[in-house]
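What's in entry_34.csv: CSV, C-alpha atoms and all ligand atoms
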chain,number,residue,atom,x,y,z
H,20,GLN,CA,0.0,0.0,0.0
H,21,LEU,CA,2.9,2.3,0.8
H,22,GLU,CA,4.2,1.5,-2.7
H,23,GLY,CA,0.8,2.4,-4.1
H,24,ARG,CA,0.8,5.8,-2.3
H,25,ARG,CA,4.4,6.5,-3.3
H,26,LEU,CA,3.5,5.9,-7.0
H,27,ALA,CA,0.2,7.9,-6.7
H,28,ALA,CA,2.2,10.9,-5.6
H,29,LEU,CA,4.1,10.7,-8.9
H,30,ALA,CA,0.9,11.3,-10.9
H,31,ASN,CA,1.4,15.1,-10.9
H,32,ALA,CA,5.1,15.1,-10.8
H,33,PRO,CA,7.3,16.1,-13.9
H,34,THR,CA,9.2,13.2,-15.5
H,35,ARG,CA,12.8,14.1,-14.8
H,36,THR,CA,16.0,12.2,-14.3
H,37,ARG,CA,17.9,12.5,-11.1
H,38,ASP,CA,20.3,14.9,-12.8
H,39,GLY,CA,17.5,17.1,-14.1
H,40,THR,CA,16.9,16.0,-17.7
H,41,ASP,CA,13.2,16.3,-18.7
H,42,ILE,CA,11.8,13.2,-20.4
H,43,ARG,CA,8.4,13.0,-22.2
H,44,LEU,CA,6.1,10.2,-21.3
H,45,LEU,CA,3.3,9.5,-23.7
H,46,ALA,CA,0.6,6.9,-23.5
H,47,ASN,CA,-0.4,4.1,-25.9
H,48,ALA,CA,-4.1,4.4,-25.5
H,49,GLU,CA,-7.3,3.4,-27.3
H,50,THR,CA,-10.2,2.9,-25.0
H,51,ALA,CA,-11.9,5.6,-23.0
H,52,SER,CA,-10.4,4.1,-19.8
H,53,ASP,CA,-6.9,4.1,-21.2
H,54,ILE,CA,-7.3,7.7,-22.2
H,55,ALA,CA,-8.7,8.7,-18.7
H,56,MET,CA,-5.8,6.8,-17.1
H,57,ALA,CA,-3.3,8.6,-19.3
H,58,ARG,CA,-4.7,11.9,-18.0
H,59,THR,CA,-4.8,10.9,-14.3
H,60,ARG,CA,-1.3,9.6,-14.5
H,61,GLY,CA,0.1,12.7,-16.0
H,62,ALA,CA,1.0,11.6,-19.6
H,63,ASP,CA,2.4,14.3,-21.8
H,64,GLY,CA,0.1,13.2,-24.6
H,65,VAL,CA,-0.8,10.1,-26.5
H,66,GLY,CA,2.1,8.6,-28.4
H,67,LEU,CA,0.2,5.8,-30.1
H,68,TYR,CA,-3.5,5.4,-30.8
H,69,ARG,CA,-3.9,2.2,-32.7
H,70,THR,CA,-6.9,2.8,-35.0
H,71,GLU,CA,-7.2,-0.8,-36.1
H,72,PHE,CA,-9.2,-1.5,-33.0
H,73,LEU,CA,-12.1,0.5,-34.5
H,74,PHE,CA,-11.9,-1.7,-37.6
H,75,LEU,CA,-11.6,-5.0,-35.6
H,76,ARG,CA,-14.7,-4.1,-33.6
H,77,HIS,CA,-16.9,-3.8,-36.7
H,78,LYS,CA,-18.2,-6.3,-39.1
H,79,ASP,CA,-18.2,-3.6,-41.7
H,80,LEU,CA,-15.8,-0.7,-42.2
H,81,PRO,CA,-16.4,2.1,-39.7
H,82,SER,CA,-17.8,5.2,-41.5
H,83,GLU,CA,-16.1,8.5,-41.6
H,84,ASP,CA,-18.4,9.9,-38.9
H,85,GLU,CA,-17.9,6.9,-36.6
H,86,GLN,CA,-14.1,7.4,-37.0
H,87,PHE,CA,-14.4,11.2,-36.6
H,88,ILE,CA,-16.3,10.7,-33.3
H,89,ALA,CA,-13.7,8.3,-31.9
H,90,TYR,CA,-10.8,10.5,-32.9
H,91,ARG,CA,-12.5,13.7,-31.7
H,92,ASP,CA,-13.3,12.0,-28.4
H,93,LEU,CA,-9.6,11.0,-28.1
H,94,VAL,CA,-8.5,14.6,-28.7
H,95,LEU,CA,-11.0,16.1,-26.3
H,96,GLY,CA,-10.3,13.4,-23.7
H,97,MET,CA,-6.6,14.5,-23.7
H,98,GLY,CA,-7.7,18.1,-23.0
H,99,GLY,CA,-5.3,19.9,-25.3
H,100,LEU,CA,-2.3,17.6,-25.0
H,101,PRO,CA,-0.9,16.2,-28.3
H,102,VAL,CA,-2.3,13.0,-29.6
H,103,THR,CA,-0.7,10.7,-32.2
H,104,ILE,CA,-3.2,8.9,-34.3
H,105,ARG,CA,-1.7,5.9,-36.2
H,106,THR,CA,-3.3,5.1,-39.5
H,107,LEU,CA,-4.7,1.6,-40.0
H,108,ASP,CA,-2.2,-1.2,-39.4
H,109,LEU,CA,-4.1,-4.3,-40.4
H,110,GLY,CA,-2.7,-7.5,-41.8
H,111,ALA,CA,-0.1,-9.9,-40.3
H,112,ASP,CA,-1.0,-10.8,-36.6
H,113,LYS,CA,-3.9,-8.3,-36.6
H,114,ALA,CA,-7.0,-10.2,-37.3
H,115,ASP,CA,-9.3,-8.5,-39.8
H,116,ALA,CA,-13.0,-8.4,-39.2
H,117,ALA,CA,-13.6,-5.9,-41.9
H,118,GLY,CA,-12.1,-8.3,-44.5
H,119,LEU,CA,-9.6,-5.8,-45.9
H,120,ALA,CA,-6.4,-7.9,-45.6
H,121,LEU,CA,-5.5,-9.9,-48.6
H,122,ARG,CA,-6.4,-13.6,-48.4
H,123,GLY,CA,-4.0,-16.4,-49.1
H,124,GLU,CA,-0.8,-14.6,-48.5
H,125,GLU,CA,1.9,-17.2,-47.7
H,126,ASN,CA,3.7,-14.9,-45.4
H,127,PRO,CA,1.3,-12.2,-44.1
H,128,ALA,CA,3.9,-10.6,-41.7
H,129,LEU,CA,5.9,-9.9,-44.9
H,130,GLY,CA,2.9,-9.1,-46.9
H,131,VAL,CA,0.5,-6.3,-47.6
H,132,ARG,CA,0.1,-4.9,-44.1
H,133,GLY,CA,0.1,-1.4,-42.5
H,134,VAL,CA,0.6,1.4,-44.9
H,135,ARG,CA,1.0,-1.0,-47.8
H,136,LEU,CA,-2.6,-2.1,-47.3
H,137,SER,CA,-3.9,1.4,-46.8
H,138,LEU,CA,-2.4,2.5,-50.1
H,139,ARG,CA,-3.9,-0.4,-51.8
H,140,TYR,CA,-7.4,0.9,-50.8
H,141,PRO,CA,-7.2,4.7,-51.3
H,142,ALA,CA,-11.0,5.1,-50.8
H,143,VAL,CA,-10.9,3.4,-47.5
H,144,PHE,CA,-7.8,5.2,-46.5
H,145,THR,CA,-9.2,8.6,-47.6
H,146,THR,CA,-12.2,8.0,-45.3
H,147,GLN,CA,-9.8,7.6,-42.4
H,148,ILE,CA,-7.8,10.6,-43.5
H,149,ARG,CA,-10.9,12.8,-43.7
H,150,ALA,CA,-12.0,11.7,-40.2
H,151,ILE,CA,-8.5,12.5,-38.8
H,152,LEU,CA,-8.4,16.0,-40.5
H,153,ARG,CA,-11.8,16.8,-39.1
H,154,ALA,CA,-10.9,15.7,-35.6
H,155,ALA,CA,-7.6,17.6,-35.7
H,156,CYS,CA,-9.6,20.9,-35.4
H,157,TYR,CA,-10.3,20.0,-31.8
H,158,GLY,CA,-6.7,19.9,-30.5
H,159,PRO,CA,-3.1,19.1,-31.5
H,160,VAL,CA,-2.9,15.9,-33.6
H,161,ARG,CA,0.0,14.1,-35.2
H,162,VAL,CA,-0.4,11.3,-37.8
H,163,LEU,CA,1.7,8.2,-37.6
H,164,VAL,CA,2.2,5.8,-40.5
H,165,PRO,CA,2.8,2.1,-39.7
H,166,MET,CA,5.1,-0.3,-41.6
H,167,VAL,CA,6.9,2.3,-43.6
H,168,THR,CA,9.7,0.8,-45.7
H,169,GLN,CA,10.7,3.6,-48.1
H,170,PRO,CA,10.1,7.3,-48.7
H,171,ASP,CA,7.6,7.0,-51.6
H,172,GLU,CA,5.0,5.6,-49.1
H,173,LEU,CA,5.2,8.8,-47.0
H,174,ILE,CA,5.0,10.9,-50.1
H,175,ALA,CA,1.9,9.0,-51.2
H,176,VAL,CA,0.3,9.5,-47.8
H,177,ARG,CA,1.0,13.2,-47.9
H,178,THR,CA,-0.6,13.4,-51.3
H,179,LEU,CA,-3.7,11.7,-50.0
H,180,PHE,CA,-3.9,14.2,-47.1
H,181,LYS,CA,-3.5,17.1,-49.5
H,182,LEU,CA,-6.3,15.9,-51.7
H,183,ALA,CA,-8.6,15.2,-48.8
H,184,ARG,CA,-7.9,18.8,-47.5
H,185,GLN,CA,-8.9,20.2,-50.9
H,186,ASP,CA,-12.1,18.3,-50.9
H,187,LEU,CA,-13.0,19.2,-47.3
H,188,LYS,CA,-12.2,22.8,-48.1
H,189,ARG,CA,-14.6,22.8,-51.0
H,190,GLU,CA,-17.2,21.3,-48.6
H,191,ASN,CA,-16.6,24.3,-46.2
H,192,VAL,CA,-15.4,22.0,-43.4
H,193,ASP,CA,-13.0,23.5,-40.8
H,194,LEU,CA,-9.4,22.3,-41.2
H,195,PRO,CA,-6.4,22.2,-38.9
H,196,GLU,CA,-3.5,24.5,-39.9
H,197,LYS,CA,-0.8,21.9,-39.6
H,198,LEU,CA,-0.8,18.2,-39.1
H,199,PRO,CA,2.7,16.6,-38.5
H,200,LEU,CA,3.2,13.3,-40.3
H,201,GLY,CA,5.5,10.7,-38.8
H,202,ALA,CA,6.8,7.3,-39.7
H,203,MET,CA,6.9,4.2,-37.5
H,204,ILE,CA,10.4,2.7,-37.7
H,205,GLU,CA,9.7,-1.0,-37.5
H,206,VAL,CA,11.0,-2.3,-40.7
H,207,PRO,CA,14.8,-2.9,-40.8
H,208,ALA,CA,15.2,-1.0,-44.1
H,209,ALA,CA,13.5,2.0,-42.6
H,210,ALA,CA,15.8,1.9,-39.6
H,211,ILE,CA,19.0,1.5,-41.6
H,212,ASN,CA,18.0,4.1,-44.2
H,213,VAL,CA,16.3,6.4,-41.7
H,214,ARG,CA,17.9,9.5,-43.1
H,215,SER,CA,15.9,9.2,-46.3
H,216,LEU,CA,12.7,9.0,-44.3
H,217,LEU,CA,13.6,12.0,-42.2
H,218,GLU,CA,13.5,14.1,-45.3
H,219,HIS,CA,9.8,13.3,-45.5
H,220,ALA,CA,8.7,12.7,-41.9
H,221,ASP,CA,8.1,15.4,-39.2
H,222,PHE,CA,8.8,12.8,-36.4
H,223,LEU,CA,9.6,9.1,-35.9
H,224,ALA,CA,8.2,6.4,-33.6
H,225,ILE,CA,10.3,3.3,-33.1
H,226,GLY,CA,8.1,0.2,-33.0
H,227,THR,CA,10.4,-2.3,-31.3
H,228,ASN,CA,7.8,-5.1,-31.2
H,229,ASP,CA,7.9,-5.4,-35.0
H,230,LEU,CA,11.5,-4.1,-35.5
H,231,ALA,CA,12.7,-7.0,-33.3
H,232,GLN,CA,10.6,-9.5,-35.2
H,233,TYR,CA,11.9,-8.4,-38.5
H,234,VAL,CA,15.6,-7.9,-37.6
H,235,LEU,CA,15.8,-11.2,-35.9
H,236,ALA,CA,13.5,-13.1,-38.3
H,237,ALA,CA,11.6,-14.3,-35.2
H,238,ASP,CA,7.8,-14.2,-34.9
H,239,ARG,CA,6.9,-11.7,-32.1
H,240,GLY,CA,4.2,-14.2,-30.9
H,241,ASN,CA,6.2,-17.4,-31.0
H,242,ASP,CA,7.2,-18.4,-27.5
H,243,ALA,CA,9.6,-21.1,-28.8
H,244,LEU,CA,11.9,-18.2,-30.0
H,245,ASP,CA,12.3,-16.5,-26.6
H,246,ASN,CA,16.0,-17.0,-26.7
H,247,ILE,CA,16.3,-15.1,-30.0
H,248,TYR,CA,13.4,-12.6,-29.7
H,249,ASN,CA,15.2,-10.6,-27.0
H,250,PRO,CA,15.2,-6.8,-26.8
H,251,LEU,CA,18.9,-6.8,-25.8
H,252,GLN,CA,20.0,-8.3,-29.1
H,253,PRO,CA,23.0,-6.2,-30.2
H,254,ALA,CA,21.7,-5.8,-33.7
H,255,LEU,CA,18.5,-4.3,-32.4
H,256,LEU,CA,20.2,-2.0,-29.9
H,257,ARG,CA,22.5,-0.7,-32.7
H,258,LEU,CA,19.5,0.0,-34.9
H,259,ILE,CA,17.6,1.8,-32.1
H,260,SER,CA,20.6,3.9,-31.4
H,261,HIS,CA,21.1,4.7,-35.1
H,262,VAL,CA,17.5,5.9,-35.4
H,263,ILE,CA,17.6,8.0,-32.2
H,264,SER,CA,20.9,9.7,-33.3
H,265,ALA,CA,19.6,10.4,-36.8
H,266,GLY,CA,16.5,12.0,-35.4
H,267,ARG,CA,18.6,14.1,-33.1
H,268,ARG,CA,20.8,15.3,-35.9
H,269,ALA,CA,17.7,16.2,-38.0
H,270,LYS,CA,16.2,17.9,-35.0
H,271,LYS,CA,13.1,15.8,-35.3
H,272,PRO,CA,11.4,14.1,-32.3
H,273,VAL,CA,11.9,10.4,-31.9
H,274,SER,CA,9.7,8.3,-29.6
H,275,LEU,CA,9.7,4.6,-28.9
H,276,CYS,CA,6.3,2.9,-28.5
H,277,GLY,CA,7.1,-0.9,-28.4
H,278,GLU,CA,6.5,-2.9,-25.3
H,279,ILE,CA,10.1,-2.2,-24.0
H,280,GLY,CA,9.2,1.5,-23.7
H,281,GLY,CA,6.9,0.7,-20.7
H,282,ASP,CA,9.1,-2.0,-19.2
H,283,ILE,CA,11.3,-0.6,-16.4
H,284,ARG,CA,13.9,-3.3,-17.0
H,285,PHE,CA,14.8,-1.3,-20.2
H,286,THR,CA,14.4,2.3,-19.0
H,287,ALA,CA,18.1,2.8,-18.2
H,288,LEU,CA,19.1,1.2,-21.5
H,289,LEU,CA,16.9,3.5,-23.5
H,290,LEU,CA,18.1,6.6,-21.7
H,291,ALA,CA,21.7,5.5,-22.3
H,292,LEU,CA,20.9,5.3,-26.1
H,293,GLY,CA,19.6,8.9,-25.9
H,294,LEU,CA,15.8,8.3,-25.9
H,295,CYS,CA,13.9,11.3,-24.4
H,296,GLU,CA,10.4,10.3,-25.5
H,297,PHE,CA,8.8,7.1,-24.3
H,298,SER,CA,5.3,5.8,-25.2
H,299,MET,CA,3.7,3.0,-23.2
H,300,HIS,CA,0.4,1.6,-21.9
H,301,SER,CA,-1.1,4.0,-19.5
H,302,SER,CA,-0.8,1.5,-16.6
H,303,GLN,CA,3.0,1.8,-16.9
H,304,LEU,CA,3.4,5.6,-16.7
H,305,LEU,CA,4.0,5.9,-13.0
H,306,HIS,CA,6.4,3.0,-12.8
H,307,VAL,CA,8.5,4.4,-15.6
H,308,ARG,CA,8.4,7.9,-14.2
H,309,ASP,CA,9.5,6.5,-10.9
H,310,ARG,CA,12.4,4.6,-12.5
H,311,ILE,CA,13.6,7.7,-14.5
H,312,ALA,CA,13.8,9.8,-11.3
H,313,MET,CA,16.4,7.3,-10.0
H,314,LEU,CA,18.6,7.5,-13.0
H,315,ASP,CA,21.3,10.0,-14.1
H,316,TYR,CA,20.9,10.7,-17.8
H,317,LEU,CA,24.5,12.0,-18.4
H,318,GLU,CA,26.1,9.1,-16.6
H,319,LEU,CA,24.0,6.7,-18.6
H,320,ARG,CA,24.9,8.4,-21.9
H,321,LYS,CA,28.5,7.6,-21.2
H,322,LEU,CA,27.7,3.9,-21.2
H,323,ALA,CA,26.3,3.9,-24.7
H,324,PRO,CA,29.5,3.0,-26.5
H,325,ALA,CA,30.0,0.0,-24.2
H,326,ILE,CA,26.4,-1.1,-24.6
H,327,LEU,CA,26.7,-0.8,-28.4
H,328,ARG,CA,29.9,-2.9,-28.3
H,329,ALA,CA,28.1,-5.9,-26.7
H,330,ARG,CA,28.5,-9.0,-28.8
H,331,THR,CA,25.6,-10.9,-27.4
H,332,HIS,CA,22.4,-10.2,-25.6
H,333,GLU,CA,23.9,-11.9,-22.6
H,334,GLU,CA,26.7,-9.4,-22.6
H,335,ALA,CA,24.3,-6.5,-22.9
H,336,GLU,CA,22.3,-7.9,-20.1
H,337,LEU,CA,25.4,-8.1,-17.9
H,338,LEU,CA,26.3,-4.5,-18.6
H,339,LEU,CA,22.7,-3.4,-17.7
H,340,SER,CA,22.8,-5.3,-14.5
H,341,GLN,CA,25.8,-3.3,-13.4
H,342,ILE,CA,23.9,0.0,-13.5
H,343,SER,CA,23.1,0.9,-10.0
H,344,CYS,CA,20.4,3.2,-8.9
H,401,LIG,C1,5.5,-2.1,-32.6
H,401,LIG,O1,5.5,-2.8,-33.6
H,401,LIG,O2,6.4,-2.0,-31.7
H,401,LIG,C2,4.3,-1.3,-32.3
H,401,LIG,C3,4.3,-0.4,-31.3
H,401,LIG,O3,3.2,-1.5,-33.1
H,401,LIG,P1,2.2,-2.8,-32.9
H,401,LIG,O4,2.6,-3.5,-31.6
H,401,LIG,O5,0.8,-2.2,-32.9
H,401,LIG,O6,2.5,-3.6,-34.1
H,402,MG,MG,4.1,-2.6,-35.2

Spit out the file's structure as structure tokens when you get a sec.
Ligand code: PEP
Ligand code: MG
Amino acid sequence: QLEGRRLAALANAPTRTRDGTDIRLLANAETASDIAMARTRGADGVGLYRTEFLFLRHKDLPSEDEQFIAYRDLVLGMGGLPVTIRTLDLGADKADAAGLALRGEENPALGVRGVRLSLRYPAVFTTQIRAILRAACYGPVRVLVPMVTQPDELIAVRTLFKLARQDLKRENVDLPEKLPLGAMIEVPAAAINVRSLLEHADFLAIGTNDLAQYVLAADRGNDALDNIYNPLQPALLRLISHVISAGRRAKKPVSLCGEIGGDIRFTALLLALGLCEFSMHSSQLLHVRDRIAMLDYLELRKLAPAILRARTHEEAELLLSQISC
């Protein structure tokens, strides 16, 4: 109970390392209760709103108005804090009630999923884009594109937003002034070639659940691969570090919204790699804020070279276990 009270006291505290570096904590939130919890636990915004849940709930596709209401309620629920709406990420492990995903793909995780699927159905995608544009008049919204592999996908999404804006304008619908567009970094090619994406993206969000799956060629849901699907795999750590550094150089925000962002076993590691924006399930916000307050950012940064030299995940684990707090 004491532990509960100590954590509760953190709800209104800033997220700051022991040596005074401010860190942004965002929520991965979809349901009304996640969104309420994000507020009561002092999230700085929503870093990942997975819109596919709207499509999975329905037998048919959700209409523009249904989507608009959900997105507007999210924006209003966050009371002026920024929210990041991810465009549809169906396919692969995400079952598909609306029947959009292609049937009979031999390898759906490497198939037409995420933005690849959205671009294949421009009319369905445009319905979502119009709903997002309308909701963005109610507060600050950013748009996040899943499964980006190469720049032309971001360029195509921007074009669809531009066309939807023109149509809505003709219909005399209010429009937001700006709407930052970001890329999920969860495909290895996107991580390696991140500089080319930064020319077209306003921000990045690293999706380590999929990035680990694709870098390690290990299904994220297959328990038999636990020894390989490990967030401390050196190849994954080097990619995460590369993306954070590239974002920093381009002066564009980089967040991380995979499961490890909300897991306090990895908080020190991610700070060491220079991450200053974490997104996690609302239930993890206080735990991560608590952990961050015990850590020295500048001391951790000095450990980055050693962490990036680790040859195995066991070696990386050993290094991490030596961080005291
Ligand atoms: C990820 O891949 O890390 C991610 C956040 O997206 P999702 O889990 O929805 O695929
Ligand atoms: Mg993903």

For chain H versus ligand LIG 401 (chain H), which residues have an atom no more than 7 Å away, and what is each residue's nearest atom pair and distance in Å rounded to one decimal, using all atoms listed in the file, chain-then-number order, as JSON lines?
{"residue": "H:Arg69", "atom": "CA", "partner": "H:LIG401", "partner_atom": "O5", "distance": 6.4}
{"residue": "H:Glu205", "atom": "CA", "partner": "H:LIG401", "partner_atom": "O1", "distance": 6.0}
{"residue": "H:Ile225", "atom": "CA", "partner": "H:LIG401", "partner_atom": "O2", "distance": 6.7}
{"residue": "H:Gly226", "atom": "CA", "partner": "H:LIG401", "partner_atom": "O2", "distance": 3.1}
{"residue": "H:Thr227", "atom": "CA", "partner": "H:LIG401", "partner_atom": "O2", "distance": 4.0}
{"residue": "H:Asn228", "atom": "CA", "partner": "H:LIG401", "partner_atom": "O2", "distance": 3.4}
{"residue": "H:Asp229", "atom": "CA", "partner": "H:LIG401", "partner_atom": "O1", "distance": 3.8}
{"residue": "H:Leu230", "atom": "CA", "partner": "H:LIG401", "partner_atom": "O1", "distance": 6.4}
{"residue": "H:Cys276", "atom": "CA", "partner": "H:LIG401", "partner_atom": "C3", "distance": 4.8}
{"residue": "H:Gly277", "atom": "CA", "partner": "H:LIG401", "partner_atom": "O2", "distance": 3.5}
{"residue": "H:Glu278", "atom": "CA", "partner": "H:LIG401", "partner_atom": "O2", "distance": 6.5}

Residues within 12 Å of Ala142 in chain H, only C-alpha atoms, excluding chain neighbours under 6 positions, as an NGL selection string: :H and (80 or 82-83 or 136 or 148-149 or 179 or 182-183)

So that each row is one residue of chain H with an atom at most 12 Å from ligand MG 402 (chain H), can you give its shortest atom pair and the distance in Å to one decimal, using only C-alpha atoms and all ligand atoms, rows by chain and rising number, as a tab-separated table?
residue	atom	partner	partner_atom	distance
H:Leu67	CA	H:MG402	MG	10.6
H:Tyr68	CA	H:MG402	MG	11.9
H:Arg69	CA	H:MG402	MG	9.7
H:Glu71	CA	H:MG402	MG	11.5
H:Arg105	CA	H:MG402	MG	10.3
H:Thr106	CA	H:MG402	MG	11.5
H:Leu107	CA	H:MG402	MG	10.9
H:Asp108	CA	H:MG402	MG	7.7
H:Leu109	CA	H:MG402	MG	9.9
H:Gly110	CA	H:MG402	MG	10.7
H:Ala111	CA	H:MG402	MG	9.8
H:Asp112	CA	H:MG402	MG	9.8
H:Lys113	CA	H:MG402	MG	9.9
H:Ala128	CA	H:MG402	MG	10.3
H:Arg132	CA	H:MG402	MG	10.0
H:Gly133	CA	H:MG402	MG	8.4
H:Val134	CA	H:MG402	MG	11.1
H:Leu163	CA	H:MG402	MG	11.3
H:Val164	CA	H:MG402	MG	10.1
H:Pro165	CA	H:MG402	MG	6.6
H:Met166	CA	H:MG402	MG	6.9
H:Val167	CA	H:MG402	MG	10.1
H:Ala202	CA	H:MG402	MG	11.2
H:Met203	CA	H:MG402	MG	7.7
H:Ile204	CA	H:MG402	MG	8.6
H:Glu205	CA	H:MG402	MG	6.3
H:Val206	CA	H:MG402	MG	8.8
H:Ala224	CA	H:MG402	MG	10.0
H:Ile225	CA	H:MG402	MG	8.8
H:Gly226	CA	H:MG402	MG	5.4
H:Thr227	CA	H:MG402	MG	7.4
H:Asn228	CA	H:MG402	MG	6.0
H:Asp229	CA	H:MG402	MG	4.7
H:Leu230	CA	H:MG402	MG	7.6
H:Ala231	CA	H:MG402	MG	9.8
H:Gln232	CA	H:MG402	MG	9.5
H:Tyr233	CA	H:MG402	MG	10.3
H:Arg239	CA	H:MG402	MG	10.0
H:Leu275	CA	H:MG402	MG	11.1
H:Cys276	CA	H:MG402	MG	8.9
H:Gly277	CA	H:MG402	MG	7.6
H:Glu278	CA	H:MG402	MG	10.2

Output for the residues just chosen: C-alpha atoms as a PDB file, in the coordinates of the input:
ATOM      1  CA  LEU H  67       0.200   5.800 -30.100  1.00  0.00           C
ATOM      2  CA  TYR H  68      -3.500   5.400 -30.800  1.00  0.00           C
ATOM      3  CA  ARG H  69      -3.900   2.200 -32.700  1.00  0.00           C
ATOM      4  CA  GLU H  71      -7.200  -0.800 -36.100  1.00  0.00           C
ATOM      5  CA  ARG H 105      -1.700   5.900 -36.200  1.00  0.00           C
ATOM      6  CA  THR H 106      -3.300   5.100 -39.500  1.00  0.00           C
ATOM      7  CA  LEU H 107      -4.700   1.600 -40.000  1.00  0.00           C
ATOM      8  CA  ASP H 108      -2.200  -1.200 -39.400  1.00  0.00           C
ATOM      9  CA  LEU H 109      -4.100  -4.300 -40.400  1.00  0.00           C
ATOM     10  CA  GLY H 110      -2.700  -7.500 -41.800  1.00  0.00           C
ATOM     11  CA  ALA H 111      -0.100  -9.900 -40.300  1.00  0.00           C
ATOM     12  CA  ASP H 112      -1.000 -10.800 -36.600  1.00  0.00           C
ATOM     13  CA  LYS H 113      -3.900  -8.300 -36.600  1.00  0.00           C
ATOM     14  CA  ALA H 128       3.900 -10.600 -41.700  1.00  0.00           C
ATOM     15  CA  ARG H 132       0.100  -4.900 -44.100  1.00  0.00           C
ATOM     16  CA  GLY H 133       0.100  -1.400 -42.500  1.00  0.00           C
ATOM     17  CA  VAL H 134       0.600   1.400 -44.900  1.00  0.00           C
ATOM     18  CA  LEU H 163       1.700   8.200 -37.600  1.00  0.00           C
ATOM     19  CA  VAL H 164       2.200   5.800 -40.500  1.00  0.00           C
ATOM     20  CA  PRO H 165       2.800   2.100 -39.700  1.00  0.00           C
ATOM     21  CA  MET H 166       5.100  -0.300 -41.600  1.00  0.00           C
ATOM     22  CA  VAL H 167       6.900   2.300 -43.600  1.00  0.00           C
ATOM     23  CA  ALA H 202       6.800   7.300 -39.700  1.00  0.00           C
ATOM     24  CA  MET H 203       6.900   4.200 -37.500  1.00  0.00           C
ATOM     25  CA  ILE H 204      10.400   2.700 -37.700  1.00  0.00           C
ATOM     26  CA  GLU H 205       9.700  -1.000 -37.500  1.00  0.00           C
ATOM     27  CA  VAL H 206      11.000  -2.300 -40.700  1.00  0.00           C
ATOM     28  CA  ALA H 224       8.200   6.400 -33.600  1.00  0.00           C
ATOM     29  CA  ILE H 225      10.300   3.300 -33.100  1.00  0.00           C
ATOM     30  CA  GLY H 226       8.100   0.200 -33.000  1.00  0.00           C
ATOM     31  CA  THR H 227      10.400  -2.300 -31.300  1.00  0.00           C
ATOM     32  CA  ASN H 228       7.800  -5.100 -31.200  1.00  0.00           C
ATOM     33  CA  ASP H 229       7.900  -5.400 -35.000  1.00  0.00           C
ATOM     34  CA  LEU H 230      11.500  -4.100 -35.500  1.00  0.00           C
ATOM     35  CA  ALA H 231      12.700  -7.000 -33.300  1.00  0.00           C
ATOM     36  CA  GLN H 232      10.600  -9.500 -35.200  1.00  0.00           C
ATOM     37  CA  TYR H 233      11.900  -8.400 -38.500  1.00  0.00           C
ATOM     38  CA  ARG H 239       6.900 -11.700 -32.100  1.00  0.00           C
ATOM     39  CA  LEU H 275       9.700   4.600 -28.900  1.00  0.00           C
ATOM     40  CA  CYS H 276       6.300   2.900 -28.500  1.00  0.00           C
ATOM     41  CA  GLY H 277       7.100  -0.900 -28.400  1.00  0.00           C
ATOM     42  CA  GLU H 278       6.500  -2.900 -25.300  1.00  0.00           C
TER      43      GLU H 278
END

Nearest residue to Pro159 in chain H from the set H:Ser215, H:Thr103, H:Asn249, H:Ser302 (distances using all atoms listed in the file):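 Under the stated criterion, the closest residue is H:Thr103.
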
Atomic separation - CA of Leu314 in chain H relative to CA of Arg37 in chain H, Å: 5.4 Å

Arg177 in chain H surroundings by all atoms listed in the file, 12 Å radius, close-in-sequence under 6 positions cut, as a ChimeraX atom specification: /H:138,144-145,148,162-164,170-171,183-184,198-202,219-221

Point-to-point distance from CA of Leu45 in chain H to CA of Gly66 in chain H, Å rounded to tenths: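 Answer for the CA of Leu45 in chain H to CA of Gly66 in chain H separation: 4.9 Å.
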
CA of Ala51 in chain H to CA of Tyr90 in chain H, straight-line distance in Å: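 Interatomic distance here is 11.1 Å.
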
Can I get C-alpha atoms for range 73-98 of chain H, as a PDB file, in the first residue's frame?
ATOM      1  CA  LEU H  73     -12.062   0.479 -34.549  1.00  0.00           C
ATOM      2  CA  PHE H  74     -11.880  -1.746 -37.603  1.00  0.00           C
ATOM      3  CA  LEU H  75     -11.622  -4.961 -35.604  1.00  0.00           C
ATOM      4  CA  ARG H  76     -14.710  -4.121 -33.559  1.00  0.00           C
ATOM      5  CA  HIS H  77     -16.853  -3.782 -36.659  1.00  0.00           C
ATOM      6  CA  LYS H  78     -18.199  -6.311 -39.101  1.00  0.00           C
ATOM      7  CA  ASP H  79     -18.196  -3.579 -41.749  1.00  0.00           C
ATOM      8  CA  LEU H  80     -15.794  -0.740 -42.207  1.00  0.00           C
ATOM      9  CA  PRO H  81     -16.354   2.104 -39.728  1.00  0.00           C
ATOM     10  CA  SER H  82     -17.834   5.155 -41.461  1.00  0.00           C
ATOM     11  CA  GLU H  83     -16.124   8.545 -41.648  1.00  0.00           C
ATOM     12  CA  ASP H  84     -18.432   9.896 -38.937  1.00  0.00           C
ATOM     13  CA  GLU H  85     -17.851   6.927 -36.630  1.00  0.00           C
ATOM     14  CA  GLN H  86     -14.122   7.379 -37.003  1.00  0.00           C
ATOM     15  CA  PHE H  87     -14.383  11.156 -36.604  1.00  0.00           C
ATOM     16  CA  ILE H  88     -16.268  10.749 -33.307  1.00  0.00           C
ATOM     17  CA  ALA H  89     -13.693   8.291 -31.947  1.00  0.00           C
ATOM     18  CA  TYR H  90     -10.753  10.522 -32.918  1.00  0.00           C
ATOM     19  CA  ARG H  91     -12.453  13.694 -31.686  1.00  0.00           C
ATOM     20  CA  ASP H  92     -13.251  12.033 -28.351  1.00  0.00           C
ATOM     21  CA  LEU H  93      -9.609  11.048 -28.052  1.00  0.00           C
ATOM     22  CA  VAL H  94      -8.493  14.632 -28.726  1.00  0.00           C
ATOM     23  CA  LEU H  95     -11.044  16.107 -26.325  1.00  0.00           C
ATOM     24  CA  GLY H  96     -10.269  13.425 -23.729  1.00  0.00           C
ATOM     25  CA  MET H  97      -6.642  14.525 -23.679  1.00  0.00           C
ATOM     26  CA  GLY H  98      -7.654  18.132 -22.979  1.00  0.00           C
TER      27      GLY H  98
END
